[in-house]
Every structure is written in C-alpha cells, then in structure tokens.
Amino acid sequence: MDSKLGLILQSFNTRYSQCVREALHELPDNFTITDPSISGHPIVFASQGFLKMSGYFQEEVIGQNGKIFRGPKTNRRTVMEIREAIREERGIQINLLNYRKDGTPFWMLFHMSPVFGKEDGRVIHFVAVQVPITRKQRNGGVSLSEDGSGLNEIVFGSCRKEVGSDSLLELGRVLSLDSGSKVSDIEETCEASDFEKRRAAAAFSNILSVLTHYSELTGRLVCGKRCSVPGAGYISSSLNISLGRIKQSFVLIDPHLPGMPIVYASDAFLKLTGYDRHEILGLNFRVLNGVDTATSTFHQIMESIQTEQACTVRILSYRLILSHFQCLLKNDIVSIMSKYTCLITVSERTKVHFGIVFTCHQFVMPLAR
C-alpha cells in the first residue's frame with residue numbers, strides 16, 4: 001500500500017506545484033479526483049465538502065476506487081454509463097444513488113470530466129463533482145438539500161418510491177413539519193434541476209482553473225479539452241485501467257515506434273525499478289542497462305523482437321538507485337495482427353544479487369489512438 005500511496009503523491013507532485021492541494025481544499029464544492037494511470041483508478045484527492053457529505057475520513061478515501069460508495073440500490077446501468085464515459089475519455093452528467101460510510105443512501109448529480117495533458121493530449125485525471133439533489137416537501141415547505149447540515153445529508157428526488165433504509169429514522173425526527181410520518185425510504189430515478197446542473201458545471205470550471213494554474217508553475221500544463229492529438233504509442237484510459245488490474249511487474253513496448261519506447265509501466269514495475277512513471281515512459285528498455293550488462297545479451301533480445309522469434313536469456317539490469325539485479329528474460333511470440341507490442345512481465349522468484357525473473361512476451365494489441 002505504501003508504494004501505491006507513493007504513486008498517488010506522484011500523481012500530483014509531478015504535474016502540479018506543491019500548493020495545489022491547499023488551493024483545492026479551499027474550494028467549497030464536493031468533488032474527487034482520480035488517476036486512471038494508477039492500478040485500480042484510485043481517488044488521489046477528495047475535497048473537504050465531499051468528505052463531509054460522505055462521512056469518510058480522508059485516509060479512508062484516498063487510494064480507494066469509487067465503488068466503495070455504491071450499495072445494493074445503486075443502479076448498475078448508471079455505473080456502466082460512467083465506465084463507458086471513462087473508456088471514451090469524455091465527460092458525463094448523470095443522477096446517481098450512492099451510499100455514505102454509515103450505509104445511508106443518498107441521491108446526487110454526478111458530473112465527471114477528464115483533464116488532459118496539454119503537451120500530448122493524454123488523460124491525466126478525472127474530476128468528479130457531486131452535487132446534492134434537492135426536493136420540496138410535499139406540504140409545500142422549504143426545500144431539503146444535502147449541504148452537510150441539519151438533515152444528516154439525506155437527499156431526495158421527486159420520483160417513485162423504491163429504496164428503503166432503517167437508517168433514515170433520524171430524518172423523521174428532523175422533519176418536524178411532518179412529524180406524523182416516518183421517512184424510511186428514498187426515491188428512484190431522481191432528476192437534478194437545471195440549477196444543480198449549472199452548479200456542477202461551474203464547480204468543475206473552478207477546479208480546472210486551479211489545476212491549470214498550478215500546472216503552469218511546473219511547466220506541465222493541463223486543460224479541460226484535448227489540446228493535441230495523442231501520438232503513436234498512446235494508451236487510452238480504459239486500457240490503463242484494465243492493465244492496472246494486473247498485479248505483476250511489467251511494461252509495454254511498441255517496436256514500431258523509433259527507439260522501441262516503453263508506452264506503459266505497471267505500478268509493480270515502478271516499485272521494482274525505482275522510477276517514476278513519467279521518467280520511464282518514452283524510454284527504451286535499455287534504460288535498465290548498466291556497466292556490467294552484457295551488450296551481446298541485450299542485442300539478442302532486440303534481435304528476437306525484430307525477427308519475432310522467441311528467446312530466453314539471463315540479463316543483469318540496474319535499478320534507478322544504482323543497485324543491480326539478475327534477470328531471466330524469456331521472449332515468446334503470439335501473432336494475431338500486424339501491429340504488436342512487447343509485454344515484459346517481472347516477478348520476484350529467484351534472488352541472486354537482487355535476482356528476479358523477467359518473462360518477455362510479444363503479442364498483438366492495437367493501441368488506442
């Protein structure tokens with residue numbers, strides 16, 4: 001978990017200046033920021049408003065996936081629509097039923113948009129704004145709103161009854177205007193108002209302004225729209241998330257690009273080698289070579305990739321901290337289409353001078369453009 005938290009810190013530190021978290025915490029909105037390049041697509045930032053609304057502490061949320069907020073009555077079709085938006089790297093605004101830490105269900109308007117790297121058009125983060133959905137009481141009383149106060153943050157929509165929860169008994173005490181009834185249900189397919197939709201869009205705009213400003217200070221600018229077309233070797237967010245489910249240490253290499261660069265590096269690989277993701281992407285695998293790495297062995301690997309032949313070799317490689325480790329690299333070919341990438345899987349099996357086993361597979365996988 002420590003290595004994952006390190007990647008989460010890098011998610012912000014390599015893109016924005018150090019004051020960005022403080023500036024984001026000053027915003028009054030409920031929102032989270034996630035990083036699709038890290039295994040599990042975890043939350044890397046949660047606003048104070050979101051923590052108050054959900055009932056979680058920050059340390060309970062950071063590093064977790066958004067699925068921890070789902071419950072038995074969360075609409076699976078809605079979740080699939082959100083996943084589809086992530087896959088297509090586009091924004092989405094949809095009504096969503098989520099659950100607090102104490103199990104209380106609540107309705108909100110979920111407004112998610114990607115944040116792109118200006119220099120290469122890659123998706124850097126997804127920002128998800130959560131705006132409470134309000135309704136008016138049936139007796140014409142004041143509107144009820146999930147603003148973190150008085151109502152224990154219960155949200156309703158003016159729709160048909162569907163979801164029941166005993167945990168809403170406290171709301172019956174709060175709703176003194178209708179003391180004769182116990183509110184023990186919330187309602188389905190709630191629709192957010194135009195005001196709530198505008199509020200969500202304005203919140204994202206404010207968040208993006210903060211991220212843009214603090215990215216300018218590092219020279220690694222971000223923007224709300226894709227400012228450039230991703231180049232060759234680009235790995236889409238959905239593929240990043242899928243690859244992140246693989247816990248082994250590995251990289252993807254595109255042999256059709258000049259220099260055969262690394263186009264994806266797993267979290268475990270980064271932990272093993274000591275590199276940050278932004279330091280390793282775009283480099284040739286020879287970056288792991290050192291003074292005692294056998295040149296003939298490395299050339300044998302390169303030749304096997306170019307000729308699409310399998311090979312197994314033992315090679316001495318180096319971590320970023322300049323310690324070295326022994327590797328066994330095995331190269332297999334699976335031919336499916338004309339375009340392929342090279343997958344190198346690393347697992348700690350033998351330890352001879354930090355010995356590990358490298359298994360290299362060449363396989364066909366069209367890269368998203």
# chains A, B, ... in the order shown; residues from 1 in each chain; ligands from 1

$ closest_atom_pairs --of "range 24-48 of chain A" --to "range 267-290 of chain A" --cutoff "10 Å" --atoms "only C-alpha atoms" --output "Markdown table"
| residue | atom | partner | partner_atom | distance |
| --- | --- | --- | --- | --- |
| A:Ser37 | CA | A:Asp267 | CA | 9.0 |
| A:Ile38 | CA | A:Asp267 | CA | 6.8 |
| A:Ser39 | CA | A:Asp267 | CA | 6.6 |

$ select_by_dssp --residues "range 187-337 of chain A" --states "strand (DSSP E)" --output "PDB file with all heavy atoms, in the first residue's frame"
ATOM      1  N   GLU A 187     -36.112   7.754  -3.046  1.00  0.00           N
ATOM      2  CA  GLU A 187     -36.833   7.568  -4.293  1.00  0.00           C
ATOM      3  C   GLU A 187     -35.892   7.388  -5.470  1.00  0.00           C
ATOM      4  O   GLU A 187     -34.762   7.834  -5.455  1.00  0.00           O
ATOM      5  CB  GLU A 187     -37.758   8.768  -4.492  1.00  0.00           C
ATOM      6  CG  GLU A 187     -38.756   8.888  -3.334  1.00  0.00           C
ATOM      7  CD  GLU A 187     -39.382  10.264  -3.260  1.00  0.00           C
ATOM      8  OE1 GLU A 187     -38.630  11.230  -3.202  1.00  0.00           O
ATOM      9  OE2 GLU A 187     -40.607  10.355  -3.284  1.00  0.00           O
ATOM     10  N   VAL A 222      -2.085  21.407 -18.008  1.00  0.00           N
ATOM     11  CA  VAL A 222      -3.280  20.599 -18.229  1.00  0.00           C
ATOM     12  C   VAL A 222      -4.375  21.496 -18.784  1.00  0.00           C
ATOM     13  O   VAL A 222      -4.317  22.726 -18.672  1.00  0.00           O
ATOM     14  CB  VAL A 222      -3.769  19.929 -16.929  1.00  0.00           C
ATOM     15  CG1 VAL A 222      -2.702  19.011 -16.361  1.00  0.00           C
ATOM     16  CG2 VAL A 222      -4.174  20.971 -15.889  1.00  0.00           C
ATOM     17  N   CYS A 223      -5.386  20.878 -19.382  1.00  0.00           N
ATOM     18  CA  CYS A 223      -6.509  21.632 -19.935  1.00  0.00           C
ATOM     19  C   CYS A 223      -7.760  20.768 -19.900  1.00  0.00           C
ATOM     20  O   CYS A 223      -7.689  19.549 -19.738  1.00  0.00           O
ATOM     21  CB  CYS A 223      -6.220  22.097 -21.365  1.00  0.00           C
ATOM     22  SG  CYS A 223      -5.634  20.794 -22.468  1.00  0.00           S
ATOM     23  N   SER A 249       4.743  -7.088 -12.259  1.00  0.00           N
ATOM     24  CA  SER A 249       5.582  -6.003 -12.751  1.00  0.00           C
ATOM     25  C   SER A 249       5.832  -6.202 -14.243  1.00  0.00           C
ATOM     26  O   SER A 249       6.349  -7.235 -14.660  1.00  0.00           O
ATOM     27  CB  SER A 249       6.913  -6.005 -11.994  1.00  0.00           C
ATOM     28  OG  SER A 249       7.779  -5.042 -12.543  1.00  0.00           O
ATOM     29  N   PHE A 250       5.446  -5.226 -15.048  1.00  0.00           N
ATOM     30  CA  PHE A 250       5.632  -5.360 -16.495  1.00  0.00           C
ATOM     31  C   PHE A 250       5.586  -3.994 -17.168  1.00  0.00           C
ATOM     32  O   PHE A 250       5.152  -2.996 -16.583  1.00  0.00           O
ATOM     33  CB  PHE A 250       4.552  -6.270 -17.105  1.00  0.00           C
ATOM     34  CG  PHE A 250       3.165  -5.693 -17.064  1.00  0.00           C
ATOM     35  CD1 PHE A 250       2.634  -5.010 -18.153  1.00  0.00           C
ATOM     36  CD2 PHE A 250       2.378  -5.835 -15.929  1.00  0.00           C
ATOM     37  CE1 PHE A 250       1.359  -4.477 -18.114  1.00  0.00           C
ATOM     38  CE2 PHE A 250       1.093  -5.302 -15.883  1.00  0.00           C
ATOM     39  CZ  PHE A 250       0.584  -4.622 -16.975  1.00  0.00           C
ATOM     40  N   VAL A 251       6.071  -3.972 -18.399  1.00  0.00           N
ATOM     41  CA  VAL A 251       5.974  -2.782 -19.238  1.00  0.00           C
ATOM     42  C   VAL A 251       5.450  -3.196 -20.611  1.00  0.00           C
ATOM     43  O   VAL A 251       5.579  -4.358 -21.014  1.00  0.00           O
ATOM     44  CB  VAL A 251       7.331  -2.064 -19.403  1.00  0.00           C
ATOM     45  CG1 VAL A 251       7.812  -1.491 -18.094  1.00  0.00           C
ATOM     46  CG2 VAL A 251       8.374  -2.988 -20.011  1.00  0.00           C
ATOM     47  N   LEU A 252       4.883  -2.241 -21.324  1.00  0.00           N
ATOM     48  CA  LEU A 252       4.515  -2.426 -22.731  1.00  0.00           C
ATOM     49  C   LEU A 252       5.479  -1.619 -23.577  1.00  0.00           C
ATOM     50  O   LEU A 252       5.754  -0.449 -23.274  1.00  0.00           O
ATOM     51  CB  LEU A 252       3.085  -1.954 -22.992  1.00  0.00           C
ATOM     52  CG  LEU A 252       1.949  -2.752 -22.358  1.00  0.00           C
ATOM     53  CD1 LEU A 252       0.609  -2.133 -22.766  1.00  0.00           C
ATOM     54  CD2 LEU A 252       1.999  -4.202 -22.781  1.00  0.00           C
ATOM     55  N   ILE A 253       5.969  -2.244 -24.642  1.00  0.00           N
ATOM     56  CA  ILE A 253       6.901  -1.604 -25.566  1.00  0.00           C
ATOM     57  C   ILE A 253       6.304  -1.664 -26.962  1.00  0.00           C
ATOM     58  O   ILE A 253       5.759  -2.690 -27.368  1.00  0.00           O
ATOM     59  CB  ILE A 253       8.269  -2.316 -25.549  1.00  0.00           C
ATOM     60  CG1 ILE A 253       8.902  -2.199 -24.154  1.00  0.00           C
ATOM     61  CG2 ILE A 253       9.201  -1.743 -26.609  1.00  0.00           C
ATOM     62  CD1 ILE A 253      10.143  -3.031 -23.996  1.00  0.00           C
ATOM     63  N   ILE A 262       9.034   2.456 -24.163  1.00  0.00           N
ATOM     64  CA  ILE A 262       8.063   1.938 -23.207  1.00  0.00           C
ATOM     65  C   ILE A 262       6.833   2.844 -23.257  1.00  0.00           C
ATOM     66  O   ILE A 262       6.943   4.062 -23.117  1.00  0.00           O
ATOM     67  CB  ILE A 262       8.657   1.923 -21.783  1.00  0.00           C
ATOM     68  CG1 ILE A 262       9.834   0.946 -21.713  1.00  0.00           C
ATOM     69  CG2 ILE A 262       7.597   1.559 -20.747  1.00  0.00           C
ATOM     70  CD1 ILE A 262      10.614   1.031 -20.417  1.00  0.00           C
ATOM     71  N   VAL A 263       5.665   2.256 -23.464  1.00  0.00           N
ATOM     72  CA  VAL A 263       4.439   3.044 -23.548  1.00  0.00           C
ATOM     73  C   VAL A 263       3.516   2.805 -22.351  1.00  0.00           C
ATOM     74  O   VAL A 263       2.523   3.505 -22.180  1.00  0.00           O
ATOM     75  CB  VAL A 263       3.669   2.748 -24.860  1.00  0.00           C
ATOM     76  CG1 VAL A 263       4.495   3.191 -26.059  1.00  0.00           C
ATOM     77  CG2 VAL A 263       3.311   1.266 -24.966  1.00  0.00           C
ATOM     78  N   TYR A 264       3.847   1.813 -21.535  1.00  0.00           N
ATOM     79  CA  TYR A 264       3.099   1.581 -20.294  1.00  0.00           C
ATOM     80  C   TYR A 264       4.015   0.893 -19.292  1.00  0.00           C
ATOM     81  O   TYR A 264       4.802   0.018 -19.659  1.00  0.00           O
ATOM     82  CB  TYR A 264       1.865   0.704 -20.524  1.00  0.00           C
ATOM     83  CG  TYR A 264       1.112   0.400 -19.243  1.00  0.00           C
ATOM     84  CD1 TYR A 264       0.151   1.279 -18.759  1.00  0.00           C
ATOM     85  CD2 TYR A 264       1.402  -0.748 -18.499  1.00  0.00           C
ATOM     86  CE1 TYR A 264      -0.520   1.022 -17.571  1.00  0.00           C
ATOM     87  CE2 TYR A 264       0.738  -1.012 -17.310  1.00  0.00           C
ATOM     88  CZ  TYR A 264      -0.220  -0.124 -16.851  1.00  0.00           C
ATOM     89  OH  TYR A 264      -0.872  -0.377 -15.668  1.00  0.00           O
ATOM     90  N   ALA A 265       3.920   1.310 -18.030  1.00  0.00           N
ATOM     91  CA  ALA A 265       4.678   0.677 -16.955  1.00  0.00           C
ATOM     92  C   ALA A 265       3.746   0.437 -15.778  1.00  0.00           C
ATOM     93  O   ALA A 265       3.039   1.348 -15.342  1.00  0.00           O
ATOM     94  CB  ALA A 265       5.852   1.560 -16.535  1.00  0.00           C
ATOM     95  N   CYS A 311      12.880 -16.074 -27.338  1.00  0.00           N
ATOM     96  CA  CYS A 311      14.206 -16.271 -26.770  1.00  0.00           C
ATOM     97  C   CYS A 311      14.123 -16.213 -25.248  1.00  0.00           C
ATOM     98  O   CYS A 311      13.213 -15.608 -24.690  1.00  0.00           O
ATOM     99  CB  CYS A 311      15.204 -15.225 -27.276  1.00  0.00           C
ATOM    100  SG  CYS A 311      15.003 -13.608 -26.525  1.00  0.00           S
ATOM    101  N   THR A 312      15.065 -16.870 -24.610  1.00  0.00           N
ATOM    102  CA  THR A 312      15.178 -16.828 -23.152  1.00  0.00           C
ATOM    103  C   THR A 312      16.619 -16.505 -22.804  1.00  0.00           C
ATOM    104  O   THR A 312      17.531 -17.219 -23.240  1.00  0.00           O
ATOM    105  CB  THR A 312      14.780 -18.169 -22.518  1.00  0.00           C
ATOM    106  OG1 THR A 312      13.431 -18.470 -22.853  1.00  0.00           O
ATOM    107  CG2 THR A 312      14.918 -18.111 -21.003  1.00  0.00           C
ATOM    108  N   VAL A 313      16.835 -15.428 -22.050  1.00  0.00           N
ATOM    109  CA  VAL A 313      18.192 -15.021 -21.689  1.00  0.00           C
ATOM    110  C   VAL A 313      18.222 -14.590 -20.232  1.00  0.00           C
ATOM    111  O   VAL A 313      17.181 -14.260 -19.650  1.00  0.00           O
ATOM    112  CB  VAL A 313      18.684 -13.847 -22.572  1.00  0.00           C
ATOM    113  CG1 VAL A 313      18.746 -14.255 -24.026  1.00  0.00           C
ATOM    114  CG2 VAL A 313      17.795 -12.623 -22.389  1.00  0.00           C
ATOM    115  N   ARG A 314      19.390 -14.593 -19.653  1.00  0.00           N
ATOM    116  CA  ARG A 314      19.600 -14.049 -18.315  1.00  0.00           C
ATOM    117  C   ARG A 314      20.394 -12.760 -18.489  1.00  0.00           C
ATOM    118  O   ARG A 314      21.448 -12.756 -19.136  1.00  0.00           O
ATOM    119  CB  ARG A 314      20.352 -15.038 -17.434  1.00  0.00           C
ATOM    120  CG  ARG A 314      20.457 -14.603 -15.971  1.00  0.00           C
ATOM    121  CD  ARG A 314      21.105 -15.694 -15.132  1.00  0.00           C
ATOM    122  NE  ARG A 314      20.280 -16.895 -15.110  1.00  0.00           N
ATOM    123  CZ  ARG A 314      19.280 -17.097 -14.252  1.00  0.00           C
ATOM    124  NH1 ARG A 314      18.961 -16.149 -13.380  1.00  0.00           N
ATOM    125  NH2 ARG A 314      18.586 -18.210 -14.293  1.00  0.00           N
ATOM    126  N   ILE A 315      19.859 -11.685 -17.907  1.00  0.00           N
ATOM    127  CA  ILE A 315      20.482 -10.385 -18.129  1.00  0.00           C
ATOM    128  C   ILE A 315      20.590  -9.631 -16.812  1.00  0.00           C
ATOM    129  O   ILE A 315      19.707  -9.720 -15.954  1.00  0.00           O
ATOM    130  CB  ILE A 315      19.685  -9.560 -19.173  1.00  0.00           C
ATOM    131  CG1 ILE A 315      20.394  -8.247 -19.499  1.00  0.00           C
ATOM    132  CG2 ILE A 315      18.258  -9.321 -18.711  1.00  0.00           C
ATOM    133  CD1 ILE A 315      19.786  -7.498 -20.666  1.00  0.00           C
ATOM    134  N   LEU A 316      21.676  -8.897 -16.660  1.00  0.00           N
ATOM    135  CA  LEU A 316      21.896  -8.085 -15.464  1.00  0.00           C
ATOM    136  C   LEU A 316      21.370  -6.678 -15.721  1.00  0.00           C
ATOM    137  O   LEU A 316      21.780  -6.013 -16.668  1.00  0.00           O
ATOM    138  CB  LEU A 316      23.383  -8.025 -15.130  1.00  0.00           C
ATOM    139  CG  LEU A 316      23.748  -7.302 -13.836  1.00  0.00           C
ATOM    140  CD1 LEU A 316      23.298  -8.121 -12.635  1.00  0.00           C
ATOM    141  CD2 LEU A 316      25.246  -7.044 -13.778  1.00  0.00           C
ATOM    142  N   SER A 317      20.431  -6.222 -14.879  1.00  0.00           N
ATOM    143  CA  SER A 317      19.843  -4.895 -15.039  1.00  0.00           C
ATOM    144  C   SER A 317      20.064  -4.076 -13.777  1.00  0.00           C
ATOM    145  O   SER A 317      20.470  -4.587 -12.744  1.00  0.00           O
ATOM    146  CB  SER A 317      18.344  -5.005 -15.345  1.00  0.00           C
ATOM    147  OG  SER A 317      18.134  -5.650 -16.588  1.00  0.00           O
ATOM    148  N   TYR A 318      19.739  -2.775 -13.869  1.00  0.00           N
ATOM    149  CA  TYR A 318      20.008  -1.844 -12.775  1.00  0.00           C
ATOM    150  C   TYR A 318      18.758  -1.061 -12.396  1.00  0.00           C
ATOM    151  O   TYR A 318      18.000  -0.626 -13.264  1.00  0.00           O
ATOM    152  CB  TYR A 318      21.103  -0.852 -13.189  1.00  0.00           C
ATOM    153  CG  TYR A 318      22.483  -1.462 -13.241  1.00  0.00           C
ATOM    154  CD1 TYR A 318      22.840  -2.324 -14.272  1.00  0.00           C
ATOM    155  CD2 TYR A 318      23.423  -1.192 -12.257  1.00  0.00           C
ATOM    156  CE1 TYR A 318      24.099  -2.894 -14.327  1.00  0.00           C
ATOM    157  CE2 TYR A 318      24.687  -1.752 -12.295  1.00  0.00           C
ATOM    158  CZ  TYR A 318      25.015  -2.608 -13.336  1.00  0.00           C
ATOM    159  OH  TYR A 318      26.266  -3.171 -13.381  1.00  0.00           O
ATOM    160  N   HIS A 324      21.986  -3.301  -8.582  1.00  0.00           N
ATOM    161  CA  HIS A 324      21.689  -4.115  -9.753  1.00  0.00           C
ATOM    162  C   HIS A 324      21.040  -5.421  -9.333  1.00  0.00           C
ATOM    163  O   HIS A 324      21.095  -5.840  -8.187  1.00  0.00           O
ATOM    164  CB  HIS A 324      22.952  -4.386 -10.582  1.00  0.00           C
ATOM    165  CG  HIS A 324      24.034  -5.082  -9.810  1.00  0.00           C
ATOM    166  ND1 HIS A 324      24.934  -4.388  -9.041  1.00  0.00           N
ATOM    167  CD2 HIS A 324      24.346  -6.399  -9.684  1.00  0.00           C
ATOM    168  CE1 HIS A 324      25.774  -5.244  -8.486  1.00  0.00           C
ATOM    169  NE2 HIS A 324      25.426  -6.470  -8.848  1.00  0.00           N
ATOM    170  N   PHE A 325      20.383  -6.059 -10.285  1.00  0.00           N
ATOM    171  CA  PHE A 325      19.696  -7.307 -10.002  1.00  0.00           C
ATOM    172  C   PHE A 325      19.765  -8.211 -11.226  1.00  0.00           C
ATOM    173  O   PHE A 325      19.897  -7.751 -12.355  1.00  0.00           O
ATOM    174  CB  PHE A 325      18.233  -7.064  -9.604  1.00  0.00           C
ATOM    175  CG  PHE A 325      17.443  -6.241 -10.581  1.00  0.00           C
ATOM    176  CD1 PHE A 325      16.658  -6.847 -11.543  1.00  0.00           C
ATOM    177  CD2 PHE A 325      17.476  -4.856 -10.525  1.00  0.00           C
ATOM    178  CE1 PHE A 325      15.924  -6.098 -12.433  1.00  0.00           C
ATOM    179  CE2 PHE A 325      16.725  -4.096 -11.419  1.00  0.00           C
ATOM    180  CZ  PHE A 325      15.950  -4.716 -12.378  1.00  0.00           C
ATOM    181  N   GLN A 326      19.729  -9.522 -10.970  1.00  0.00           N
ATOM    182  CA  GLN A 326      19.858 -10.528 -12.024  1.00  0.00           C
ATOM    183  C   GLN A 326      18.475 -10.865 -12.570  1.00  0.00           C
ATOM    184  O   GLN A 326      17.518 -11.005 -11.825  1.00  0.00           O
ATOM    185  CB  GLN A 326      20.495 -11.789 -11.458  1.00  0.00           C
ATOM    186  CG  GLN A 326      20.929 -12.791 -12.499  1.00  0.00           C
ATOM    187  CD  GLN A 326      22.190 -12.348 -13.221  1.00  0.00           C
ATOM    188  OE1 GLN A 326      22.930 -11.546 -12.704  1.00  0.00           O
ATOM    189  NE2 GLN A 326      22.414 -12.868 -14.397  1.00  0.00           N
ATOM    190  N   CYS A 327      18.385 -10.978 -13.877  1.00  0.00           N
ATOM    191  CA  CYS A 327      17.092 -11.208 -14.507  1.00  0.00           C
ATOM    192  C   CYS A 327      17.164 -12.375 -15.490  1.00  0.00           C
ATOM    193  O   CYS A 327      18.204 -12.627 -16.085  1.00  0.00           O
ATOM    194  CB  CYS A 327      16.621  -9.976 -15.285  1.00  0.00           C
ATOM    195  SG  CYS A 327      16.675  -8.466 -14.336  1.00  0.00           S
ATOM    196  N   LEU A 328      16.068 -13.033 -15.645  1.00  0.00           N
ATOM    197  CA  LEU A 328      15.919 -14.034 -16.694  1.00  0.00           C
ATOM    198  C   LEU A 328      14.832 -13.532 -17.610  1.00  0.00           C
ATOM    199  O   LEU A 328      13.704 -13.320 -17.184  1.00  0.00           O
ATOM    200  CB  LEU A 328      15.530 -15.395 -16.119  1.00  0.00           C
ATOM    201  CG  LEU A 328      15.282 -16.487 -17.160  1.00  0.00           C
ATOM    202  CD1 LEU A 328      16.588 -16.826 -17.880  1.00  0.00           C
ATOM    203  CD2 LEU A 328      14.711 -17.735 -16.498  1.00  0.00           C
ATOM    204  N   LEU A 329      15.153 -13.263 -18.866  1.00  0.00           N
ATOM    205  CA  LEU A 329      14.192 -12.696 -19.799  1.00  0.00           C
ATOM    206  C   LEU A 329      13.821 -13.757 -20.812  1.00  0.00           C
ATOM    207  O   LEU A 329      14.679 -14.316 -21.476  1.00  0.00           O
ATOM    208  CB  LEU A 329      14.769 -11.455 -20.484  1.00  0.00           C
ATOM    209  CG  LEU A 329      13.761 -10.634 -21.302  1.00  0.00           C
ATOM    210  CD1 LEU A 329      14.118  -9.158 -21.224  1.00  0.00           C
ATOM    211  CD2 LEU A 329      13.738 -11.076 -22.757  1.00  0.00           C
ATOM    212  N   LYS A 330      12.529 -14.015 -20.901  1.00  0.00           N
ATOM    213  CA  LYS A 330      12.020 -15.030 -21.818  1.00  0.00           C
ATOM    214  C   LYS A 330      11.098 -14.351 -22.814  1.00  0.00           C
ATOM    215  O   LYS A 330      10.183 -13.639 -22.438  1.00  0.00           O
ATOM    216  CB  LYS A 330      11.268 -16.110 -21.055  1.00  0.00           C
ATOM    217  CG  LYS A 330      10.742 -17.231 -21.941  1.00  0.00           C
ATOM    218  CD  LYS A 330      10.030 -18.282 -21.111  1.00  0.00           C
ATOM    219  CE  LYS A 330       9.485 -19.402 -21.980  1.00  0.00           C
ATOM    220  NZ  LYS A 330       8.776 -20.426 -21.190  1.00  0.00           N
ATOM    221  N   ASN A 331      11.310 -14.581 -24.087  1.00  0.00           N
ATOM    222  CA  ASN A 331      10.580 -13.894 -25.139  1.00  0.00           C
ATOM    223  C   ASN A 331       9.762 -14.904 -25.940  1.00  0.00           C
ATOM    224  O   ASN A 331      10.320 -15.834 -26.493  1.00  0.00           O
ATOM    225  CB  ASN A 331      11.591 -13.180 -26.055  1.00  0.00           C
ATOM    226  CG  ASN A 331      10.917 -12.213 -26.992  1.00  0.00           C
ATOM    227  OD1 ASN A 331       9.774 -12.414 -27.353  1.00  0.00           O
ATOM    228  ND2 ASN A 331      11.644 -11.179 -27.390  1.00  0.00           N
ATOM    229  N   ASP A 332       8.424 -14.744 -25.928  1.00  0.00           N
ATOM    230  CA  ASP A 332       7.540 -15.610 -26.697  1.00  0.00           C
ATOM    231  C   ASP A 332       6.708 -14.763 -27.648  1.00  0.00           C
ATOM    232  O   ASP A 332       6.414 -13.605 -27.375  1.00  0.00           O
ATOM    233  CB  ASP A 332       6.604 -16.404 -25.781  1.00  0.00           C
ATOM    234  CG  ASP A 332       7.395 -17.309 -24.840  1.00  0.00           C
ATOM    235  OD1 ASP A 332       8.312 -17.986 -25.334  1.00  0.00           O
ATOM    236  OD2 ASP A 332       7.088 -17.306 -23.635  1.00  0.00           O
ATOM    237  N   ILE A 333       6.298 -15.344 -28.722  1.00  0.00           N
ATOM    238  CA  ILE A 333       5.546 -14.627 -29.741  1.00  0.00           C
ATOM    239  C   ILE A 333       4.144 -15.216 -29.874  1.00  0.00           C
ATOM    240  O   ILE A 333       3.978 -16.420 -29.929  1.00  0.00           O
ATOM    241  CB  ILE A 333       6.239 -14.702 -31.122  1.00  0.00           C
ATOM    242  CG1 ILE A 333       7.692 -14.226 -30.996  1.00  0.00           C
ATOM    243  CG2 ILE A 333       5.489 -13.886 -32.155  1.00  0.00           C
ATOM    244  CD1 ILE A 333       7.822 -12.794 -30.576  1.00  0.00           C
ATOM    245  N   VAL A 334       3.141 -14.347 -29.906  1.00  0.00           N
ATOM    246  CA  VAL A 334       1.786 -14.754 -30.252  1.00  0.00           C
ATOM    247  C   VAL A 334       1.335 -13.825 -31.367  1.00  0.00           C
ATOM    248  O   VAL A 334       1.182 -12.633 -31.150  1.00  0.00           O
ATOM    249  CB  VAL A 334       0.816 -14.641 -29.048  1.00  0.00           C
ATOM    250  CG1 VAL A 334      -0.582 -15.065 -29.467  1.00  0.00           C
ATOM    251  CG2 VAL A 334       1.309 -15.498 -27.890  1.00  0.00           C
TER     252      VAL A 334
END

$ closest_residue --among "A:Asn95, A:Asn75, A:Gln58, A:Asn13" --to "Ala192 in chain A" --atoms "only C-alpha atoms"
A:Asn95

$ closest_residue --among "A:Pro132, A:Pro255, A:Pro28, A:Pro114" --to "Gly49 in chain A" --atoms "only C-alpha atoms"
A:Pro28

$ residues_around --residues "Asp194 in chain A" --least-positions-apart "6" --cutoff "12 Å" --atoms "only C-alpha atoms" --output "compact mmCIF listing (two decimals) with N, CA and C atoms, in the first residue's frame"
# COMPACT_ATOMS: atom_id res chain seq x y z
N GLN A 93 -22.73 13.67 -17.17
CA GLN A 93 -23.52 14.25 -16.08
C GLN A 93 -24.74 13.36 -15.90
N LEU A 109 -26.18 14.52 -8.15
CA LEU A 109 -25.85 14.71 -9.55
C LEU A 109 -24.36 14.48 -9.70
N VAL A 131 -23.06 16.93 -6.76
CA VAL A 131 -23.97 17.98 -6.30
C VAL A 131 -25.22 17.33 -5.73
N ILE A 133 -28.92 16.45 -4.82
CA ILE A 133 -30.21 16.69 -5.47
C ILE A 133 -31.21 17.07 -4.38
N THR A 134 -31.97 18.11 -4.61
CA THR A 134 -32.94 18.60 -3.63
C THR A 134 -34.36 18.35 -4.10
N ALA A 200 -22.94 22.23 -10.92
CA ALA A 200 -21.90 21.21 -11.14
C ALA A 200 -20.90 21.67 -12.19
N ALA A 201 -21.41 22.25 -13.28
CA ALA A 201 -20.52 22.71 -14.35
C ALA A 201 -19.63 23.85 -13.85
